[in-house]
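One file, structure-v9.cif, is given below (mmCIF, C-alpha atoms).
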```
data_protein
loop_
_atom_site.group_PDB
_atom_site.id
_atom_site.type_symbol
_atom_site.label_atom_id
_atom_site.label_comp_id
_atom_site.auth_asym_id
_atom_site.auth_seq_id
_atom_site.Cartn_x
_atom_site.Cartn_y
_atom_site.Cartn_z
ATOM 1 C CA MET A 1 0.000 0.000 0.000
ATOM 2 C CA ASP A 2 1.355 3.405 -1.010
ATOM 3 C CA ASN A 3 2.241 5.902 1.718
ATOM 4 C CA GLU A 4 -0.476 8.367 0.767
ATOM 5 C CA ASP A 5 -2.951 10.345 2.817
ATOM 6 C CA THR A 6 -6.316 8.945 1.768
ATOM 7 C CA THR A 7 -8.237 11.732 3.536
ATOM 8 C CA GLY A 8 -8.872 15.317 2.511
ATOM 9 C CA LYS A 9 -7.367 16.040 -0.887
ATOM 10 C CA GLY A 10 -5.317 12.859 -0.928
ATOM 11 C CA LEU A 11 -1.972 14.677 -0.965
ATOM 12 C CA ASP A 12 1.235 12.726 -0.751
ATOM 13 C CA TRP A 13 2.614 12.558 2.787
ATOM 14 C CA ARG A 14 5.837 14.229 1.650
ATOM 15 C CA ILE A 15 3.955 17.306 0.464
ATOM 16 C CA ILE A 16 1.995 17.431 3.729
ATOM 17 C CA LEU A 17 5.279 17.187 5.650
ATOM 18 C CA GLY A 18 6.826 19.947 3.548
ATOM 19 C CA LEU A 19 3.838 22.250 4.015
ATOM 20 C CA THR A 20 3.840 21.591 7.753
ATOM 21 C CA VAL A 21 7.575 22.270 8.158
ATOM 22 C CA THR A 22 7.318 25.353 5.920
ATOM 23 C CA THR A 23 4.420 26.744 7.965
ATOM 24 C CA LEU A 24 6.209 26.120 11.255
ATOM 25 C CA TRP A 25 9.463 27.569 9.929
ATOM 26 C CA MET A 26 7.868 30.745 8.595
ATOM 27 C CA SER A 27 5.767 31.136 11.752
ATOM 28 C CA THR A 28 8.933 30.870 13.815
ATOM 29 C CA GLY A 29 10.626 33.477 11.612
ATOM 30 C CA ILE A 30 7.691 35.885 11.926
ATOM 31 C CA TYR A 31 7.607 35.334 15.680
ATOM 32 C CA TYR A 32 11.360 36.020 15.870
ATOM 33 C CA VAL A 33 11.083 39.274 13.940
ATOM 34 C CA THR A 34 7.997 40.395 15.854
ATOM 35 C CA ARG A 35 9.030 39.496 19.394
ATOM 36 C CA VAL A 36 12.820 39.608 19.340
ATOM 37 C CA VAL A 37 13.946 42.050 16.651
ATOM 38 C CA GLY A 38 10.844 44.164 16.207
ATOM 39 C CA TRP A 39 9.485 45.326 12.883
ATOM 40 C CA THR A 40 10.762 48.867 13.374
ATOM 41 C CA GLU A 41 14.328 47.692 14.010
ATOM 42 C CA PHE A 42 14.034 45.154 11.179
ATOM 43 C CA GLN A 43 12.984 47.810 8.669
ATOM 44 C CA SER A 44 15.904 50.014 9.714
ATOM 45 C CA LEU A 45 18.454 47.315 8.885
ATOM 46 C CA PRO A 46 20.655 47.799 5.839
ATOM 47 C CA THR A 47 19.398 46.184 2.651
ATOM 48 C CA ALA A 48 22.327 43.751 2.615
ATOM 49 C CA ASP A 49 21.483 42.553 6.123
ATOM 50 C CA ILE A 50 17.826 42.095 5.207
ATOM 51 C CA GLY A 51 18.878 40.109 2.128
ATOM 52 C CA SER A 52 21.170 37.923 4.227
ATOM 53 C CA PHE A 53 18.345 37.350 6.681
ATOM 54 C CA PHE A 54 15.922 36.193 3.995
ATOM 55 C CA GLU A 55 18.648 34.113 2.361
ATOM 56 C CA GLY A 56 19.355 32.295 5.624
ATOM 57 C CA ALA A 57 15.663 31.996 6.424
ATOM 58 C CA PHE A 58 14.573 30.483 3.099
ATOM 59 C CA ALA A 59 17.673 28.398 2.254
ATOM 60 C CA PRO A 60 16.588 25.473 4.522
ATOM 61 C CA LEU A 61 13.118 25.595 2.982
ATOM 62 C CA ALA A 62 14.595 25.549 -0.511
ATOM 63 C CA PHE A 63 16.714 22.535 0.408
ATOM 64 C CA LEU A 64 13.699 20.840 2.010
ATOM 65 C CA TRP A 65 11.568 21.219 -1.123
ATOM 66 C CA LEU A 66 14.478 20.150 -3.296
ATOM 67 C CA VAL A 67 14.690 16.876 -1.341
ATOM 68 C CA ILE A 68 10.906 16.448 -1.443
ATOM 69 C CA GLY A 69 10.920 17.065 -5.199
ATOM 70 C CA HIS A 70 13.665 14.477 -5.629
ATOM 71 C CA PHE A 71 11.693 11.792 -3.810
ATOM 72 C CA MET A 72 8.500 12.755 -5.597
ATOM 73 C CA GLN A 73 10.314 12.401 -8.909
ATOM 74 C CA GLN A 74 11.588 8.976 -7.874
ATOM 75 C CA LYS A 75 8.033 7.989 -7.008
ATOM 76 C CA GLU A 76 6.815 9.116 -10.436
ATOM 77 C CA ILE A 77 9.628 7.221 -12.151
ATOM 78 C CA THR A 78 8.749 4.080 -10.170
ATOM 79 C CA ALA A 79 5.064 4.472 -11.052
ATOM 80 C CA ASN A 80 5.913 4.998 -14.732
ATOM 81 C CA THR A 81 8.207 1.975 -14.703
ATOM 82 C CA ARG A 82 5.467 -0.135 -13.122
ATOM 83 C CA ALA A 83 2.928 1.120 -15.654
ATOM 84 C CA THR A 84 5.316 0.384 -18.522
ATOM 85 C CA SER A 85 5.952 -3.112 -17.187
ATOM 86 C CA MET A 86 2.215 -3.776 -16.858
ATOM 87 C CA GLN A 87 1.673 -2.465 -20.373
ATOM 88 C CA GLU A 88 4.383 -4.762 -21.723
ATOM 89 C CA GLN A 89 2.845 -7.740 -19.916
ATOM 90 C CA SER A 90 -0.574 -6.831 -21.306
ATOM 91 C CA THR A 91 0.896 -6.538 -24.787
ATOM 92 C CA ARG A 92 2.566 -9.934 -24.458
ATOM 93 C CA ARG A 93 -0.717 -11.483 -23.267
ATOM 94 C CA LEU A 94 -2.595 -9.958 -26.183
ATOM 95 C CA GLU A 95 0.079 -11.147 -28.591
ATOM 96 C CA LEU A 96 -0.029 -14.668 -27.149
ATOM 97 C CA HIS A 97 -3.834 -14.637 -27.279
ATOM 98 C CA SER A 98 -3.711 -13.546 -30.914
ATOM 99 C CA ARG A 99 -1.177 -16.250 -31.743
ATOM 100 C CA ARG A 100 -3.343 -18.859 -30.040
ATOM 101 C CA ASP A 101 -6.398 -17.746 -32.003
ATOM 102 C CA SER A 102 -4.389 -18.002 -35.208
ATOM 103 C CA TYR A 103 -3.111 -21.415 -34.180
ATOM 104 C CA PHE A 104 -6.570 -22.841 -33.518
ATOM 105 C CA LYS A 105 -7.728 -21.568 -36.903
ATOM 106 C CA LEU A 106 -4.689 -23.270 -38.431
ATOM 107 C CA LEU A 107 -5.391 -26.420 -36.392
ATOM 108 C CA GLY A 108 -8.727 -26.975 -38.128
ATOM 109 C CA LEU A 109 -7.148 -26.632 -41.574
ATOM 110 C CA VAL A 110 -4.251 -28.949 -40.731
ATOM 111 C CA GLN A 111 -6.570 -31.579 -39.225
ATOM 112 C CA GLU A 112 -8.533 -31.533 -42.456
ATOM 113 C CA GLN A 113 -5.288 -31.926 -44.402
ATOM 114 C CA LEU A 114 -4.152 -34.824 -42.193
ATOM 115 C CA GLY A 115 -7.523 -36.516 -42.709
ATOM 116 C CA SER A 116 -7.136 -36.148 -46.468
ATOM 117 C CA ILE A 117 -3.633 -37.647 -46.388
ATOM 118 C CA ALA A 118 -4.898 -40.553 -44.269
ATOM 119 C CA GLY A 119 -7.797 -41.072 -46.713
ATOM 120 C CA PHE A 120 -5.469 -41.535 -49.670
ATOM 121 C CA HIS A 121 -3.259 -43.770 -47.545
ATOM 122 C CA TYR A 122 -6.269 -45.841 -46.492
ATOM 123 C CA VAL A 123 -7.418 -46.491 -50.058
ATOM 124 C CA SER A 124 -3.836 -47.385 -51.009
ATOM 125 C CA VAL A 125 -3.827 -50.066 -48.311
ATOM 126 C CA PHE A 126 -7.392 -51.377 -48.434
ATOM 127 C CA GLY A 127 -8.625 -50.226 -51.848
ATOM 128 C CA PRO A 128 -8.375 -51.952 -55.235
ATOM 129 C CA THR A 129 -4.617 -51.373 -55.413
ATOM 130 C CA GLY A 130 -4.164 -52.911 -51.953
ATOM 131 C CA SER A 131 -6.061 -55.674 -50.182
ATOM 132 C CA ASN A 132 -9.280 -54.761 -52.016
ATOM 133 C CA ASP A 133 -11.247 -54.917 -48.766
ATOM 134 C CA VAL A 134 -12.832 -51.548 -49.578
ATOM 135 C CA SER A 135 -14.412 -50.758 -52.936
ATOM 136 C CA LEU A 136 -14.162 -47.367 -54.542
ATOM 137 C CA GLU A 137 -17.846 -46.836 -53.848
ATOM 138 C CA GLU A 138 -17.349 -47.597 -50.149
ATOM 139 C CA PHE A 139 -14.332 -45.315 -50.101
ATOM 140 C CA SER A 140 -16.370 -42.541 -51.715
ATOM 141 C CA ASN A 141 -19.044 -42.915 -49.018
ATOM 142 C CA LEU A 142 -16.388 -42.764 -46.305
ATOM 143 C CA ARG A 143 -14.908 -39.623 -47.832
ATOM 144 C CA SER A 144 -18.335 -38.004 -47.845
ATOM 145 C CA GLU A 145 -18.708 -38.857 -44.171
ATOM 146 C CA ALA A 146 -15.259 -37.458 -43.395
ATOM 147 C CA SER A 147 -15.943 -34.245 -45.318
ATOM 148 C CA THR A 148 -18.934 -33.455 -43.101
ATOM 149 C CA GLY A 149 -16.587 -32.783 -40.175
ATOM 150 C CA ASP A 150 -15.187 -36.142 -39.078
ATOM 151 C CA HIS A 151 -11.690 -35.461 -40.403
ATOM 152 C CA SER A 152 -10.099 -38.178 -38.268
ATOM 153 C CA LEU A 153 -12.247 -40.979 -39.713
ATOM 154 C CA PHE A 154 -9.535 -42.502 -41.896
ATOM 155 C CA ILE A 155 -6.892 -41.871 -39.236
ATOM 156 C CA ARG A 156 -8.897 -43.891 -36.695
ATOM 157 C CA ARG A 157 -9.333 -46.709 -39.220
ATOM 158 C CA LEU A 158 -5.597 -46.820 -39.926
ATOM 159 C CA VAL A 159 -4.797 -46.802 -36.203
ATOM 160 C CA SER A 160 -7.315 -49.626 -35.699
ATOM 161 C CA ALA A 161 -5.744 -51.611 -38.538
ATOM 162 C CA ALA A 162 -2.268 -51.128 -37.067
ATOM 163 C CA ALA A 163 -3.526 -52.185 -33.641
ATOM 164 C CA SER A 164 -5.102 -55.325 -35.107
ATOM 165 C CA SER A 165 -1.746 -56.264 -36.635
ATOM 166 C CA ARG A 166 0.443 -55.277 -33.691
ATOM 167 C CA GLU A 167 1.500 -58.923 -33.138
ATOM 168 C CA THR A 168 2.853 -59.064 -36.697
ATOM 169 C CA PRO A 169 5.101 -55.997 -37.118
ATOM 170 C CA GLU A 170 5.857 -56.843 -40.745
ATOM 171 C CA LEU A 171 2.188 -56.265 -41.637
ATOM 172 C CA VAL A 172 2.233 -52.862 -39.955
ATOM 173 C CA HIS A 173 5.425 -51.997 -41.787
ATOM 174 C CA ASP A 174 3.878 -53.068 -45.093
ATOM 175 C CA MET A 175 0.799 -50.966 -44.367
ATOM 176 C CA LEU A 176 2.926 -47.860 -43.786
ATOM 177 C CA PHE A 177 5.951 -48.350 -46.029
ATOM 178 C CA GLY A 178 5.092 -51.345 -48.246
ATOM 179 C CA THR A 179 4.977 -49.311 -51.451
ATOM 180 C CA GLU A 180 6.397 -46.033 -52.655
ATOM 181 C CA ILE A 181 2.959 -44.405 -52.475
ATOM 182 C CA ARG A 182 2.360 -45.580 -48.896
ATOM 183 C CA THR A 183 5.813 -44.395 -47.893
ATOM 184 C CA ARG A 184 5.091 -40.986 -49.393
ATOM 185 C CA HIS A 185 1.763 -40.735 -47.557
ATOM 186 C CA SER A 186 3.365 -41.795 -44.240
ATOM 187 C CA GLU A 187 6.210 -39.298 -44.594
ATOM 188 C CA ASN A 188 3.794 -36.543 -45.608
ATOM 189 C CA PHE A 189 1.578 -37.243 -42.590
ATOM 190 C CA LYS A 190 4.566 -37.332 -40.243
ATOM 191 C CA ARG A 191 5.996 -34.088 -41.613
ATOM 192 C CA THR A 192 2.658 -32.219 -41.480
ATOM 193 C CA PHE A 193 1.834 -33.367 -37.944
ATOM 194 C CA GLY A 194 5.382 -32.568 -36.796
ATOM 195 C CA ARG A 195 4.975 -28.979 -37.964
ATOM 196 C CA LEU A 196 1.664 -28.819 -36.096
ATOM 197 C CA LEU A 197 3.472 -29.869 -32.910
ATOM 198 C CA ASP A 198 6.153 -27.231 -33.454
ATOM 199 C CA ALA A 199 3.466 -24.572 -33.864
ATOM 200 C CA ALA A 200 1.765 -25.781 -30.660
ATOM 201 C CA GLU A 201 4.989 -25.324 -28.678
ATOM 202 C CA SER A 202 5.215 -21.680 -29.741
ATOM 203 C CA VAL A 203 1.793 -20.800 -28.269
ATOM 204 C CA ASP A 204 1.630 -23.156 -25.268
ATOM 205 C CA THR A 205 4.386 -22.635 -22.696
ATOM 206 C CA ASP A 206 3.073 -25.473 -20.489
ATOM 207 C CA ASN A 207 3.123 -28.005 -23.366
ATOM 208 C CA MET A 208 -0.448 -29.020 -22.492
ATOM 209 C CA LEU A 209 -1.612 -28.538 -26.067
ATOM 210 C CA ARG A 210 1.323 -30.473 -27.480
ATOM 211 C CA GLU A 211 0.723 -33.371 -25.109
ATOM 212 C CA ALA A 212 -2.988 -33.389 -25.934
ATOM 213 C CA LEU A 213 -2.220 -33.578 -29.646
ATOM 214 C CA LEU A 214 0.474 -36.194 -29.255
ATOM 215 C CA GLU A 215 -1.087 -38.412 -26.590
ATOM 216 C CA GLY A 216 -4.814 -37.780 -26.784
ATOM 217 C CA SER A 217 -5.681 -37.605 -30.474
ATOM 218 C CA SER A 218 -5.914 -40.317 -33.117
ATOM 219 C CA ALA A 219 -3.622 -38.238 -35.353
ATOM 220 C CA GLY A 220 -1.017 -38.124 -32.579
ATOM 221 C CA ILE A 221 -1.178 -41.887 -32.044
ATOM 222 C CA TYR A 222 -0.868 -42.514 -35.778
ATOM 223 C CA TYR A 223 2.053 -40.097 -35.950
ATOM 224 C CA ARG A 224 3.810 -42.038 -33.180
ATOM 225 C CA ILE A 225 3.075 -45.352 -34.915
ATOM 226 C CA ILE A 226 4.733 -44.054 -38.089
ATOM 227 C CA ARG A 227 7.744 -42.815 -36.115
ATOM 228 C CA HIS A 228 8.033 -46.117 -34.252
ATOM 229 C CA VAL A 229 7.843 -48.248 -37.392
ATOM 230 C CA SER A 230 10.413 -46.040 -39.134
ATOM 231 C CA GLY A 231 12.743 -46.400 -36.122
ATOM 232 C CA GLU A 232 12.511 -42.775 -34.934
ATOM 233 C CA GLU A 233 10.657 -43.532 -31.676
ATOM 234 C CA ASP A 234 11.675 -46.322 -29.342
ATOM 235 C CA MET A 235 8.362 -46.881 -27.573
ATOM 236 C CA ASN A 236 5.605 -48.695 -29.426
ATOM 237 C CA PRO A 237 2.476 -46.554 -28.862
ATOM 238 C CA LEU A 238 0.239 -49.601 -29.359
ATOM 239 C CA SER A 239 1.896 -51.964 -26.887
ATOM 240 C CA GLY A 240 3.832 -49.560 -24.657
ATOM 241 C CA LEU A 241 6.957 -51.708 -25.152
ATOM 242 C CA ARG A 242 10.363 -50.308 -26.011
ATOM 243 C CA GLY A 243 12.928 -51.432 -28.515
ATOM 244 C CA THR A 244 10.561 -53.447 -30.692
ATOM 245 C CA HIS A 245 10.717 -51.552 -33.982
ATOM 246 C CA SER A 246 9.133 -53.456 -36.804
ATOM 247 C CA THR A 247 12.018 -52.403 -38.991
ATOM 248 C CA ASN A 248 14.208 -54.739 -36.981
ATOM 249 C CA SER A 249 12.328 -57.726 -38.349
ATOM 250 C CA THR A 250 11.590 -56.316 -41.793
ATOM 251 C CA SER A 251 14.038 -55.715 -44.572
ATOM 252 C CA SER A 252 14.255 -52.189 -45.893
ATOM 253 C CA THR A 253 12.209 -51.436 -48.949
#
```
Let me see the structure of the file written as C-alpha cells.
Amino acid sequence: MDNEDTTGKGLDWRIILGLTVTTLWMSTGIYYVTRVVGWTEFQSLPTADIGSFFEGAFAPLAFLWLVIGHFMQQKEITANTRATSMQEQSTRRLELHSRRDSYFKLLGLVQEQLGSIAGFHYVSVFGPTGSNDVSLEEFSNLRSEASTGDHSLFIRRLVSAAASSRETPELVHDMLFGTEIRTRHSENFKRTFGRLLDAAESVDTDNMLREALLEGSSAGIYYRIIRHVSGEEDMNPLSGLRGTHSTNSTSST
C-alpha cells in the first residue's frame, strides 16, 4: 500500500510534511522578527542585512523542497516503470492470445489436411490397389462422411488396422511403407503433424496442447506409430513396449 494520505485532498505525505515544516518555519521566523527584533528595528536594517536574513531563512526551505521534489520524482519514475511493465505484460498477453487464435484456426485446416492424407493412404492399403477390402464406392461414401466434419475418420481406421496387426510388425510396416505411395503418404503425414506440434509449442508454454495432440488424439497416435515403425521412436504406442521396432524384423524397402 502506497504511503499516501487517503483523507482530505489525498496529498502525498511528503507534500503534507513539507507544508507543515514550511508553515512552522515561517511562523517561527515571523515570531522572531515580531518578538525579538521588532518590525521597526528590522525595517531600519541595511538592505544587505535584510537580504542575508531572507537568504538564511529560506535556504533550509529551498533545500527541504528540493529533497521532497527528488523523492517525488523517484516515485513518479517508479510508477511509470510499473505502468510500462504492466503495459508490456498486457501486450505480451494480447500477442499470445492472438497467436493462439491463429493457431486454432490453423489447427482446423491442418486436421482436415491430415484426414485427407490418411484417406489416400487408407485407399492405397485397403482399396483396389491394396487388399481390395474396400471398394471405390465404399471409399467414396467414407470420404463423404469425413468431409462433413469427421476429419479423423480414416486416421482412426488406420490406427485400428495397425492395432489389429500389432503382433505381426511386418504387416504394420507393409501398411505404412510397403509401397512407394504408402511411404510418401506416411512421410507426408509425419511431416505435417510434426509442424503442427512445433506450432503448438510456440503458443503453449506449459506443453499441455502439445501433449494433448500427441497423446490424446488419433492423429497423434498414428504419428507415433509411423515414427516407431520407421525407427525414430523407441516406444511402441500400441503396446507400450520399447525397442521393438518393426524395422528390426523387416528388410528395408
Counting all atoms listed in the file, which residue out of A:Arg210, A:His121, A:His70, A:Arg182 sits closest to A:Leu158?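 Among the listed residues, A:His121 lies closest to A:Leu158.
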Nearest to A:Thr179 among A:Val229, A:Val125, A:Ile221, A:Met208, with distances taken over all atoms listed in the file: which residue is it?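 With all atoms listed in the file as the atom set, the closest residue is A:Val125.
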Counting only C-alpha atoms, figure out which residue out of A:Ile77, A:Leu45, A:Val33, A:Leu66 gets nearest to A:Arg14.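 The closest residue to A:Arg14 is A:Leu66.
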Which neighbours of A:Ile181 fall inside 9 Å, counting all atoms listed in the file, when residues of the same chain fewer than 4 positions from it are skipped, and could you give them as number ranges by chain? A: 121, 124, 177, 185-186
Find the residues around A:Gly29 up to 10 Å (only C-alpha atoms counted), leave out those fewer than 5 positions away in its own chain, and share them as number ranges by chain. A: 23-24, 34-35, 53-54, 57-58
I need the residue set behind the PyMOL selection byres ((chain A and resi 100) around 12) for this file; please write it as an MDAnalysis selection string. chainID A and resid 93:99 101:107 199:205 209
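When atom CA of A:Val67 is paired with atom CA of A:Ser85, their separation reads 27.0 Å.
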Apply the PyMOL selection byres ((chain A and resi 190-196) around 10) to the structure shown and report the selected residues as a VMD selection string. chain A and resid 103 106 to 107 110 to 111 113 to 114 117 184 to 189 197 to 201 210 213 to 214 219 to 220 222 to 227
Record the distance separating atom CA of A:Ala62 and atom CA of A:Leu17, expressed in Å with one decimal.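 Pair atom CA of A:Ala62 / atom CA of A:Leu17 returns 14.0 Å.
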Which one is closest to A:Ala59: A:Asn141, A:Gln74, A:Thr22, A:Gln43? Count all atoms listed in the file.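 Ranking A:Asn141, A:Gln74, A:Thr22, A:Gln43 by distance to A:Ala59, first place goes to A:Thr22.
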Expressed in Å, the length from atom CA of A:Leu19 to atom CA of A:Gly69 is 12.7 Å
Residue among A:Gly130, A:Gly115, A:Gly18, A:Gly178 lying closest to A:Arg157, counting all atoms listed in the file: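 Among the listed residues, the smallest separation from A:Arg157 belongs to A:Gly115.
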So, with all atoms listed in the file as the atoms that count, which of A:Phe71, A:Phe154, A:Phe120, A:Phe63 lies closest to A:Asp12? A:Phe71
Completed stretch 216-241 of chain A (N, CA, C and O atoms) as an mmCIF file, in the frame of the given file:
```
data_model
loop_
_atom_site.group_PDB
_atom_site.id
_atom_site.type_symbol
_atom_site.label_atom_id
_atom_site.label_comp_id
_atom_site.auth_asym_id
_atom_site.auth_seq_id
_atom_site.Cartn_x
_atom_site.Cartn_y
_atom_site.Cartn_z
ATOM 1 N N GLY A 216 -3.379 -37.628 -26.914
ATOM 2 C CA GLY A 216 -4.814 -37.780 -26.784
ATOM 3 C C GLY A 216 -5.611 -37.705 -28.065
ATOM 4 O O GLY A 216 -6.845 -37.661 -28.015
ATOM 5 N N SER A 217 -4.955 -37.660 -29.199
ATOM 6 C CA SER A 217 -5.681 -37.605 -30.474
ATOM 7 C C SER A 217 -5.285 -38.787 -31.345
ATOM 8 O O SER A 217 -4.178 -39.324 -31.236
ATOM 9 N N SER A 218 -6.202 -39.196 -32.210
ATOM 10 C CA SER A 218 -5.914 -40.317 -33.117
ATOM 11 C C SER A 218 -4.776 -39.948 -34.072
ATOM 12 O O SER A 218 -3.953 -40.804 -34.419
ATOM 13 N N ALA A 219 -4.714 -38.666 -34.475
ATOM 14 C CA ALA A 219 -3.622 -38.238 -35.353
ATOM 15 C C ALA A 219 -2.276 -38.347 -34.643
ATOM 16 O O ALA A 219 -1.273 -38.747 -35.242
ATOM 17 N N GLY A 220 -2.255 -38.012 -33.341
ATOM 18 C CA GLY A 220 -1.017 -38.124 -32.579
ATOM 19 C C GLY A 220 -0.569 -39.572 -32.430
ATOM 20 O O GLY A 220 0.628 -39.886 -32.531
ATOM 21 N N ILE A 221 -1.518 -40.467 -32.173
ATOM 22 C CA ILE A 221 -1.178 -41.887 -32.044
ATOM 23 C C ILE A 221 -0.647 -42.425 -33.371
ATOM 24 O O ILE A 221 0.343 -43.162 -33.413
ATOM 25 N N TYR A 222 -1.311 -42.043 -34.468
ATOM 26 C CA TYR A 222 -0.868 -42.514 -35.778
ATOM 27 C C TYR A 222 0.511 -41.950 -36.116
ATOM 28 O O TYR A 222 1.363 -42.661 -36.683
ATOM 29 N N TYR A 223 0.744 -40.709 -35.752
ATOM 30 C CA TYR A 223 2.053 -40.097 -35.950
ATOM 31 C C TYR A 223 3.133 -40.880 -35.208
ATOM 32 O O TYR A 223 4.212 -41.151 -35.751
ATOM 33 N N ARG A 224 2.841 -41.287 -33.971
ATOM 34 C CA ARG A 224 3.810 -42.038 -33.180
ATOM 35 C C ARG A 224 4.009 -43.444 -33.744
ATOM 36 O O ARG A 224 5.120 -44.002 -33.678
ATOM 37 N N ILE A 225 2.942 -44.031 -34.291
ATOM 38 C CA ILE A 225 3.075 -45.352 -34.915
ATOM 39 C C ILE A 225 4.032 -45.261 -36.100
ATOM 40 O O ILE A 225 4.935 -46.110 -36.262
ATOM 41 N N ILE A 226 3.854 -44.235 -36.929
ATOM 42 C CA ILE A 226 4.733 -44.054 -38.089
ATOM 43 C C ILE A 226 6.180 -43.878 -37.636
ATOM 44 O O ILE A 226 7.113 -44.492 -38.188
ATOM 45 N N ARG A 227 6.391 -43.040 -36.625
ATOM 46 C CA ARG A 227 7.744 -42.815 -36.115
ATOM 47 C C ARG A 227 8.338 -44.101 -35.529
ATOM 48 O O ARG A 227 9.533 -44.368 -35.689
ATOM 49 N N HIS A 228 7.526 -44.878 -34.848
ATOM 50 C CA HIS A 228 8.033 -46.117 -34.252
ATOM 51 C C HIS A 228 8.424 -47.121 -35.336
ATOM 52 O O HIS A 228 9.503 -47.724 -35.282
ATOM 53 N N VAL A 229 7.564 -47.285 -36.330
ATOM 54 C CA VAL A 229 7.843 -48.248 -37.392
ATOM 55 C C VAL A 229 9.063 -47.829 -38.203
ATOM 56 O O VAL A 229 9.853 -48.669 -38.645
ATOM 57 N N SER A 230 9.254 -46.517 -38.375
ATOM 58 C CA SER A 230 10.413 -46.040 -39.134
ATOM 59 C C SER A 230 11.680 -46.000 -38.295
ATOM 60 O O SER A 230 12.748 -45.653 -38.799
ATOM 61 N N GLY A 231 11.572 -46.342 -36.994
ATOM 62 C CA GLY A 231 12.743 -46.400 -36.122
ATOM 63 C C GLY A 231 13.100 -45.089 -35.461
ATOM 64 O O GLY A 231 14.160 -44.971 -34.853
ATOM 65 N N GLU A 232 12.216 -44.081 -35.520
ATOM 66 C CA GLU A 232 12.511 -42.775 -34.934
ATOM 67 C C GLU A 232 12.033 -42.658 -33.490
ATOM 68 O O GLU A 232 12.442 -41.740 -32.774
ATOM 69 N N GLU A 233 11.161 -43.550 -33.052
ATOM 70 C CA GLU A 233 10.657 -43.532 -31.676
ATOM 71 C C GLU A 233 10.780 -44.929 -31.100
ATOM 72 O O GLU A 233 10.332 -45.913 -31.697
ATOM 73 N N ASP A 234 11.383 -45.011 -29.922
ATOM 74 C CA ASP A 234 11.675 -46.322 -29.342
ATOM 75 C C ASP A 234 10.426 -47.009 -28.805
ATOM 76 O O ASP A 234 10.261 -48.213 -28.950
ATOM 77 N N MET A 235 9.540 -46.255 -28.182
ATOM 78 C CA MET A 235 8.362 -46.881 -27.573
ATOM 79 C C MET A 235 7.275 -47.135 -28.610
ATOM 80 O O MET A 235 6.941 -46.269 -29.404
ATOM 81 N N ASN A 236 6.726 -48.348 -28.566
ATOM 82 C CA ASN A 236 5.605 -48.695 -29.426
ATOM 83 C C ASN A 236 4.332 -48.121 -28.817
ATOM 84 O O ASN A 236 3.935 -48.527 -27.722
ATOM 85 N N PRO A 237 3.663 -47.174 -29.457
ATOM 86 C CA PRO A 237 2.476 -46.554 -28.862
ATOM 87 C C PRO A 237 1.299 -47.513 -28.730
ATOM 88 O O PRO A 237 0.355 -47.240 -27.988
ATOM 89 N N LEU A 238 1.338 -48.640 -29.441
ATOM 90 C CA LEU A 238 0.239 -49.601 -29.359
ATOM 91 C C LEU A 238 0.409 -50.575 -28.205
ATOM 92 O O LEU A 238 -0.562 -50.951 -27.550
ATOM 93 N N SER A 239 1.646 -50.982 -27.948
ATOM 94 C CA SER A 239 1.896 -51.964 -26.887
ATOM 95 C C SER A 239 2.526 -51.353 -25.646
ATOM 96 O O SER A 239 2.474 -51.945 -24.568
ATOM 97 N N GLY A 240 3.133 -50.168 -25.781
ATOM 98 C CA GLY A 240 3.832 -49.560 -24.657
ATOM 99 C C GLY A 240 5.211 -50.146 -24.429
ATOM 100 O O GLY A 240 5.895 -49.773 -23.479
ATOM 101 N N LEU A 241 5.640 -51.080 -25.297
ATOM 102 C CA LEU A 241 6.957 -51.708 -25.152
ATOM 103 C C LEU A 241 8.007 -50.881 -25.868
ATOM 104 O O LEU A 241 7.723 -50.153 -26.815
#
```
